[in-house]
file coords06.cif (mmCIF, N, CA and C atoms)
data_protein
#
loop_
_atom_site.group_PDB
_atom_site.id
_atom_site.type_symbol
_atom_site.label_atom_id
_atom_site.label_comp_id
_atom_site.auth_asym_id
_atom_site.auth_seq_id
_atom_site.Cartn_x
_atom_site.Cartn_y
_atom_site.Cartn_z
ATOM 1 N N MET A 25 8.782 -5.661 43.643
ATOM 2 C CA MET A 25 8.291 -5.091 42.409
ATOM 3 C C MET A 25 9.471 -4.521 41.639
ATOM 4 N N SER A 26 9.599 -4.893 40.388
ATOM 5 C CA SER A 26 10.720 -4.406 39.598
ATOM 6 C C SER A 26 10.343 -3.119 38.871
ATOM 7 N N THR A 27 11.342 -2.327 38.588
ATOM 8 C CA THR A 27 11.135 -1.089 37.852
ATOM 9 C C THR A 27 11.130 -1.403 36.369
ATOM 10 N N PRO A 28 10.076 -0.957 35.637
ATOM 11 C CA PRO A 28 10.057 -1.253 34.212
ATOM 12 C C PRO A 28 11.215 -0.557 33.499
ATOM 13 N N SER A 29 11.784 -1.235 32.542
ATOM 14 C CA SER A 29 12.875 -0.623 31.791
ATOM 15 C C SER A 29 12.303 0.333 30.753
ATOM 16 N N MET A 30 13.032 1.374 30.484
ATOM 17 C CA MET A 30 12.607 2.357 29.498
ATOM 18 C C MET A 30 12.959 1.832 28.112
ATOM 19 N N ALA A 31 12.064 2.066 27.156
ATOM 20 C CA ALA A 31 12.326 1.640 25.781
ATOM 21 C C ALA A 31 13.441 2.490 25.193
ATOM 22 N N ALA A 32 14.203 1.892 24.324
ATOM 23 C CA ALA A 32 15.233 2.652 23.611
ATOM 24 C C ALA A 32 14.551 3.698 22.748
ATOM 25 N N PRO A 33 15.194 4.839 22.500
ATOM 26 C CA PRO A 33 14.569 5.917 21.743
ATOM 27 C C PRO A 33 14.025 5.503 20.381
ATOM 28 N N HIS A 34 14.595 4.496 19.764
ATOM 29 C CA HIS A 34 14.139 4.085 18.443
ATOM 30 C C HIS A 34 12.975 3.104 18.493
ATOM 31 N N ASP A 35 12.520 2.710 19.667
ATOM 32 C CA ASP A 35 11.455 1.723 19.777
ATOM 33 C C ASP A 35 10.055 2.294 19.581
ATOM 34 N N VAL A 36 9.880 3.579 19.789
ATOM 35 C CA VAL A 36 8.565 4.194 19.600
ATOM 36 C C VAL A 36 8.766 5.609 19.092
ATOM 37 N N THR A 37 7.896 6.015 18.201
ATOM 38 C CA THR A 37 8.025 7.361 17.664
ATOM 39 C C THR A 37 6.666 7.931 17.300
ATOM 40 N N THR A 38 6.547 9.228 17.395
ATOM 41 C CA THR A 38 5.365 9.924 16.893
ATOM 42 C C THR A 38 5.747 10.750 15.677
ATOM 43 N N ALA A 39 7.018 10.685 15.282
ATOM 44 C CA ALA A 39 7.506 11.457 14.141
ATOM 45 C C ALA A 39 6.943 10.887 12.847
ATOM 46 N N ARG A 40 6.973 11.685 11.809
ATOM 47 C CA ARG A 40 6.557 11.204 10.495
ATOM 48 C C ARG A 40 7.502 10.102 10.057
ATOM 49 N N TYR A 41 6.985 9.143 9.375
ATOM 50 C CA TYR A 41 7.762 7.996 8.974
ATOM 51 C C TYR A 41 7.342 7.564 7.582
ATOM 52 N N ASP A 42 8.118 6.721 6.973
ATOM 53 C CA ASP A 42 7.845 6.274 5.609
ATOM 54 C C ASP A 42 6.996 5.011 5.592
ATOM 55 N N VAL A 43 5.894 5.039 6.301
ATOM 56 C CA VAL A 43 4.968 3.915 6.336
ATOM 57 C C VAL A 43 3.639 4.422 5.805
ATOM 58 N N ASP A 44 3.143 3.781 4.755
ATOM 59 C CA ASP A 44 1.866 4.172 4.171
ATOM 60 C C ASP A 44 0.739 3.535 4.978
ATOM 61 N N LEU A 45 -0.059 4.362 5.620
ATOM 62 C CA LEU A 45 -1.155 3.864 6.459
ATOM 63 C C LEU A 45 -2.507 3.933 5.751
ATOM 64 N N ALA A 46 -2.516 4.287 4.472
ATOM 65 C CA ALA A 46 -3.774 4.485 3.740
ATOM 66 C C ALA A 46 -4.632 3.225 3.703
ATOM 67 N N HIS A 47 -4.016 2.068 3.578
ATOM 68 C CA HIS A 47 -4.787 0.819 3.482
ATOM 69 C C HIS A 47 -4.536 -0.094 4.676
ATOM 70 N N THR A 48 -4.189 0.511 5.777
ATOM 71 C CA THR A 48 -3.883 -0.249 6.988
ATOM 72 C C THR A 48 -5.154 -0.840 7.572
ATOM 73 N N ARG A 49 -5.055 -2.061 8.053
ATOM 74 C CA ARG A 49 -6.192 -2.718 8.708
ATOM 75 C C ARG A 49 -6.052 -2.518 10.219
ATOM 76 N N TRP A 50 -6.885 -1.673 10.767
ATOM 77 C CA TRP A 50 -6.856 -1.368 12.199
ATOM 78 C C TRP A 50 -7.771 -2.339 12.928
ATOM 79 N N ARG A 51 -7.344 -2.768 14.114
ATOM 80 C CA ARG A 51 -8.140 -3.689 14.940
ATOM 81 C C ARG A 51 -8.398 -3.069 16.295
ATOM 82 N N LYS A 52 -9.604 -3.276 16.783
ATOM 83 C CA LYS A 52 -9.972 -2.853 18.143
ATOM 84 C C LYS A 52 -10.084 -4.089 19.021
ATOM 85 N N SER A 53 -9.972 -3.857 20.305
ATOM 86 C CA SER A 53 -10.152 -4.937 21.258
ATOM 87 C C SER A 53 -11.587 -5.459 21.198
ATOM 88 N N SER A 54 -11.739 -6.745 21.404
ATOM 89 C CA SER A 54 -13.086 -7.323 21.461
ATOM 90 C C SER A 54 -13.837 -6.822 22.691
ATOM 91 N N TYR A 55 -13.123 -6.221 23.641
ATOM 92 C CA TYR A 55 -13.755 -5.662 24.836
ATOM 93 C C TYR A 55 -14.284 -4.251 24.603
ATOM 94 N N SER A 56 -14.010 -3.687 23.453
ATOM 95 C CA SER A 56 -14.472 -2.331 23.145
ATOM 96 C C SER A 56 -15.989 -2.330 23.025
ATOM 97 N N GLY A 57 -16.583 -1.289 23.562
ATOM 98 C CA GLY A 57 -18.038 -1.169 23.492
ATOM 99 C C GLY A 57 -18.531 -0.641 22.163
ATOM 100 N N GLY A 58 -17.638 -0.343 21.250
ATOM 101 C CA GLY A 58 -18.040 0.152 19.950
ATOM 102 C C GLY A 58 -18.310 1.638 19.917
ATOM 103 N N ALA A 59 -17.987 2.354 20.988
ATOM 104 C CA ALA A 59 -18.264 3.786 21.071
ATOM 105 C C ALA A 59 -17.026 4.624 20.759
ATOM 106 N N ASN A 60 -16.072 4.053 20.023
ATOM 107 C CA ASN A 60 -14.828 4.759 19.700
ATOM 108 C C ASN A 60 -14.105 5.251 20.943
ATOM 109 N N ASP A 61 -14.052 4.414 21.960
ATOM 110 C CA ASP A 61 -13.420 4.820 23.216
ATOM 111 C C ASP A 61 -12.269 3.894 23.601
ATOM 112 N N CYS A 62 -11.513 3.475 22.603
ATOM 113 C CA CYS A 62 -10.387 2.594 22.908
ATOM 114 C C CYS A 62 -9.255 2.885 21.933
ATOM 115 N N VAL A 63 -8.235 2.085 22.000
ATOM 116 C CA VAL A 63 -7.139 2.212 21.051
ATOM 117 C C VAL A 63 -7.314 1.176 19.951
ATOM 118 N N GLU A 64 -6.709 1.460 18.813
ATOM 119 C CA GLU A 64 -6.698 0.525 17.696
ATOM 120 C C GLU A 64 -5.245 0.197 17.387
ATOM 121 N N VAL A 65 -5.009 -1.025 16.924
ATOM 122 C CA VAL A 65 -3.664 -1.493 16.638
ATOM 123 C C VAL A 65 -3.616 -2.013 15.210
ATOM 124 N N ALA A 66 -2.492 -1.766 14.540
ATOM 125 C CA ALA A 66 -2.268 -2.299 13.196
ATOM 126 C C ALA A 66 -0.872 -2.909 13.133
ATOM 127 N N GLU A 67 -0.774 -4.086 12.533
ATOM 128 C CA GLU A 67 0.520 -4.737 12.330
ATOM 129 C C GLU A 67 1.096 -4.249 11.012
ATOM 130 N N LEU A 68 2.362 -3.835 11.039
ATOM 131 C CA LEU A 68 3.014 -3.268 9.851
ATOM 132 C C LEU A 68 4.368 -3.919 9.591
ATOM 133 N N GLY A 69 4.431 -5.203 9.620
ATOM 134 C CA GLY A 69 5.710 -5.885 9.389
ATOM 135 C C GLY A 69 6.639 -5.729 10.576
ATOM 136 N N GLU A 70 7.656 -4.881 10.443
ATOM 137 C CA GLU A 70 8.626 -4.675 11.519
ATOM 138 C C GLU A 70 8.123 -3.713 12.588
ATOM 139 N N HIS A 71 6.951 -3.148 12.398
ATOM 140 C CA HIS A 71 6.392 -2.170 13.330
ATOM 141 C C HIS A 71 4.943 -2.491 13.639
ATOM 142 N N ALA A 72 4.464 -1.874 14.692
ATOM 143 C CA ALA A 72 3.048 -1.899 15.029
ATOM 144 C C ALA A 72 2.643 -0.455 15.285
ATOM 145 N N ALA A 73 1.482 -0.088 14.780
ATOM 146 C CA ALA A 73 0.974 1.264 14.981
ATOM 147 C C ALA A 73 -0.188 1.207 15.962
ATOM 148 N N VAL A 74 -0.274 2.203 16.826
ATOM 149 C CA VAL A 74 -1.343 2.294 17.819
ATOM 150 C C VAL A 74 -1.927 3.695 17.728
ATOM 151 N N ARG A 75 -3.266 3.781 17.667
ATOM 152 C CA ARG A 75 -3.900 5.091 17.605
ATOM 153 C C ARG A 75 -5.124 5.135 18.509
ATOM 154 N N ASP A 76 -5.512 6.344 18.864
ATOM 155 C CA ASP A 76 -6.693 6.607 19.669
ATOM 156 C C ASP A 76 -7.897 6.636 18.736
ATOM 157 N N SER A 77 -8.853 5.754 18.946
ATOM 158 C CA SER A 77 -10.002 5.676 18.042
ATOM 159 C C SER A 77 -10.898 6.908 18.107
ATOM 160 N N LYS A 78 -10.799 7.686 19.179
ATOM 161 C CA LYS A 78 -11.592 8.921 19.297
ATOM 162 C C LYS A 78 -11.003 10.053 18.472
ATOM 163 N N ASP A 79 -9.708 9.989 18.210
ATOM 164 C CA ASP A 79 -9.026 11.102 17.563
ATOM 165 C C ASP A 79 -7.972 10.578 16.589
ATOM 166 N N ILE A 80 -8.423 9.912 15.533
ATOM 167 C CA ILE A 80 -7.483 9.288 14.605
ATOM 168 C C ILE A 80 -6.687 10.316 13.813
ATOM 169 N N GLY A 81 -7.119 11.562 13.808
ATOM 170 C CA GLY A 81 -6.381 12.612 13.119
ATOM 171 C C GLY A 81 -5.059 12.959 13.781
ATOM 172 N N ARG A 82 -4.890 12.607 15.025
ATOM 173 C CA ARG A 82 -3.632 12.889 15.739
ATOM 174 C C ARG A 82 -2.485 12.046 15.223
ATOM 175 N N GLY A 83 -2.792 10.986 14.555
ATOM 176 C CA GLY A 83 -1.745 10.097 14.052
ATOM 177 C C GLY A 83 -1.381 9.048 15.080
ATOM 178 N N PRO A 84 -0.868 7.935 14.610
ATOM 179 C CA PRO A 84 -0.545 6.830 15.508
ATOM 180 C C PRO A 84 0.855 6.934 16.091
ATOM 181 N N LEU A 85 1.069 6.174 17.146
ATOM 182 C CA LEU A 85 2.414 5.910 17.654
ATOM 183 C C LEU A 85 2.916 4.695 16.894
ATOM 184 N N LEU A 86 4.168 4.708 16.555
ATOM 185 C CA LEU A 86 4.764 3.599 15.823
ATOM 186 C C LEU A 86 5.779 2.918 16.729
ATOM 187 N N PHE A 87 5.538 1.644 17.023
ATOM 188 C CA PHE A 87 6.396 0.855 17.897
ATOM 189 C C PHE A 87 7.154 -0.179 17.075
ATOM 190 N N SER A 88 8.348 -0.530 17.511
ATOM 191 C CA SER A 88 8.996 -1.710 16.933
ATOM 192 C C SER A 88 8.188 -2.920 17.396
ATOM 193 N N THR A 89 8.257 -4.012 16.655
ATOM 194 C CA THR A 89 7.500 -5.191 17.080
ATOM 195 C C THR A 89 7.993 -5.708 18.427
ATOM 196 N N ALA A 90 9.300 -5.576 18.688
ATOM 197 C CA ALA A 90 9.844 -6.011 19.985
ATOM 198 C C ALA A 90 9.266 -5.175 21.127
ATOM 199 N N ALA A 91 9.163 -3.874 20.922
ATOM 200 C CA ALA A 91 8.606 -3.000 21.955
ATOM 201 C C ALA A 91 7.121 -3.307 22.166
ATOM 202 N N MET A 92 6.406 -3.583 21.094
ATOM 203 C CA MET A 92 4.982 -3.899 21.211
ATOM 204 C C MET A 92 4.778 -5.217 21.954
ATOM 205 N N ARG A 93 5.609 -6.206 21.637
ATOM 206 C CA ARG A 93 5.521 -7.492 22.360
ATOM 207 C C ARG A 93 5.787 -7.288 23.853
ATOM 208 N N ALA A 94 6.791 -6.467 24.171
ATOM 209 C CA ALA A 94 7.115 -6.197 25.582
ATOM 210 C C ALA A 94 5.958 -5.494 26.271
ATOM 211 N N LEU A 95 5.322 -4.555 25.583
ATOM 212 C CA LEU A 95 4.183 -3.836 26.158
ATOM 213 C C LEU A 95 3.026 -4.789 26.448
ATOM 214 N N VAL A 96 2.660 -5.586 25.463
ATOM 215 C CA VAL A 96 1.550 -6.532 25.644
ATOM 216 C C VAL A 96 1.867 -7.560 26.701
ATOM 217 N N SER A 97 3.089 -8.052 26.714
ATOM 218 C CA SER A 97 3.501 -9.031 27.722
ATOM 219 C C SER A 97 3.411 -8.430 29.128
ATOM 220 N N GLY A 98 3.845 -7.187 29.264
ATOM 221 C CA GLY A 98 3.761 -6.507 30.558
ATOM 222 C C GLY A 98 2.330 -6.318 31.019
ATOM 223 N N ILE A 99 1.442 -6.001 30.084
ATOM 224 C CA ILE A 99 0.025 -5.823 30.426
ATOM 225 C C ILE A 99 -0.577 -7.142 30.869
ATOM 226 N N VAL A 100 -0.277 -8.197 30.128
ATOM 227 C CA VAL A 100 -0.819 -9.513 30.443
ATOM 228 C C VAL A 100 -0.346 -10.006 31.805
ATOM 229 N N SER A 101 0.927 -9.768 32.112
ATOM 230 C CA SER A 101 1.477 -10.263 33.372
ATOM 231 C C SER A 101 1.150 -9.362 34.551
ATOM 232 N N GLY A 102 0.561 -8.221 34.294
ATOM 233 C CA GLY A 102 0.113 -7.339 35.360
ATOM 234 C C GLY A 102 1.190 -6.466 35.859
#
call {"tool": "encode", "arguments": {"input": "coords06.cif", "output": "structure tokens"}}
result
Amino acid sequence: MSTPSMAAPHDVTTARYDVDLAHTRWRKSSYSGGANDCVEVAELGEHAAVRDSKDIGRGPLLFSTAAMRALVSGIVSG
């Protein structure tokens, strides 16, 4: 079993950023039961935003697209 590599500090942030999320199209997993109990993802060009659907007021995490691809790939491969 290999040790997962840590993302570079610039790959994910919770800090305020210059991305307008007012008209962002958020997507939920098709496996979601519709009870606001999952995460939502939005594609933002060079970034991807992820937020908790139960508490959208907390603000999203902002990932680089490379970091998001690595995360999804890791999940898929187990």
call {"tool": "closest_residue", "arguments": {"input": "coords06.cif", "among": "A:Arg49, A:Lys78, A:Ser97, A:Gly102", "to": "Val65 (chain A)", "atoms": "all atoms listed in the file"}}
result
A:Arg49
call {"tool": "resolve_selection", "arguments": {"input": "coords06.cif", "expression": "the PyMOL selection byres (((chain A and resi 84 and name CA) around 6) and name CA)", "output": "JSON, numbers by chain"}}
result
{"A": [73, 74, 75, 83, 85]}
call {"tool": "axis_aligned_box", "arguments": {"input": "coords06.cif", "around": "region 70-86 of chain A", "padding_each_side": "5 Å", "output": "AutoDock Vina command-line options"}}
result
--center_x -1.5 --center_y 4.0 --center_z 15.1 --size_x 30.2 --size_y 27.8 --size_z 19.2
call {"tool": "atom_distance", "arguments": {"input": "coords06.cif", "atom1": "atom C of Ala91 (chain A)", "atom2": "atom C of Ser56 (chain A)"}}
result
23.1 Å
call {"tool": "closest_residue", "arguments": {"input": "coords06.cif", "among": "A:Ala72, A:Arg82, A:Gly98, A:Ala66", "to": "His47 (chain A)", "atoms": "only C-alpha atoms"}}
result
A:Ala66
call {"tool": "atom_distance", "arguments": {"input": "coords06.cif", "atom1": "atom N of Leu68 (chain A)", "atom2": "atom C of Arg93 (chain A)"}}
result
13.7 Å
call {"tool": "resolve_selection", "arguments": {"input": "coords06.cif", "expression": "the PyMOL selection byres ((chain A and resi 53) around 8)", "output": "list in words"}}
result
Trp50, Arg51, Lys52, Ser54, Tyr55, Ser56, Gly57, Gly58, Cys62, Val63, Glu64 and Val65 of chain A
call {"tool": "atom_distance", "arguments": {"input": "coords06.cif", "atom1": "CA of Asp76 (chain A)", "atom2": "CA of Ala94 (chain A)"}}
result
19.7 Å
call {"tool": "closest_residue", "arguments": {"input": "coords06.cif", "among": "A:Val100, A:Val43, A:Leu95, A:Leu86", "to": "His71 (chain A)", "atoms": "only N, CA and C atoms"}}
result
A:Leu86
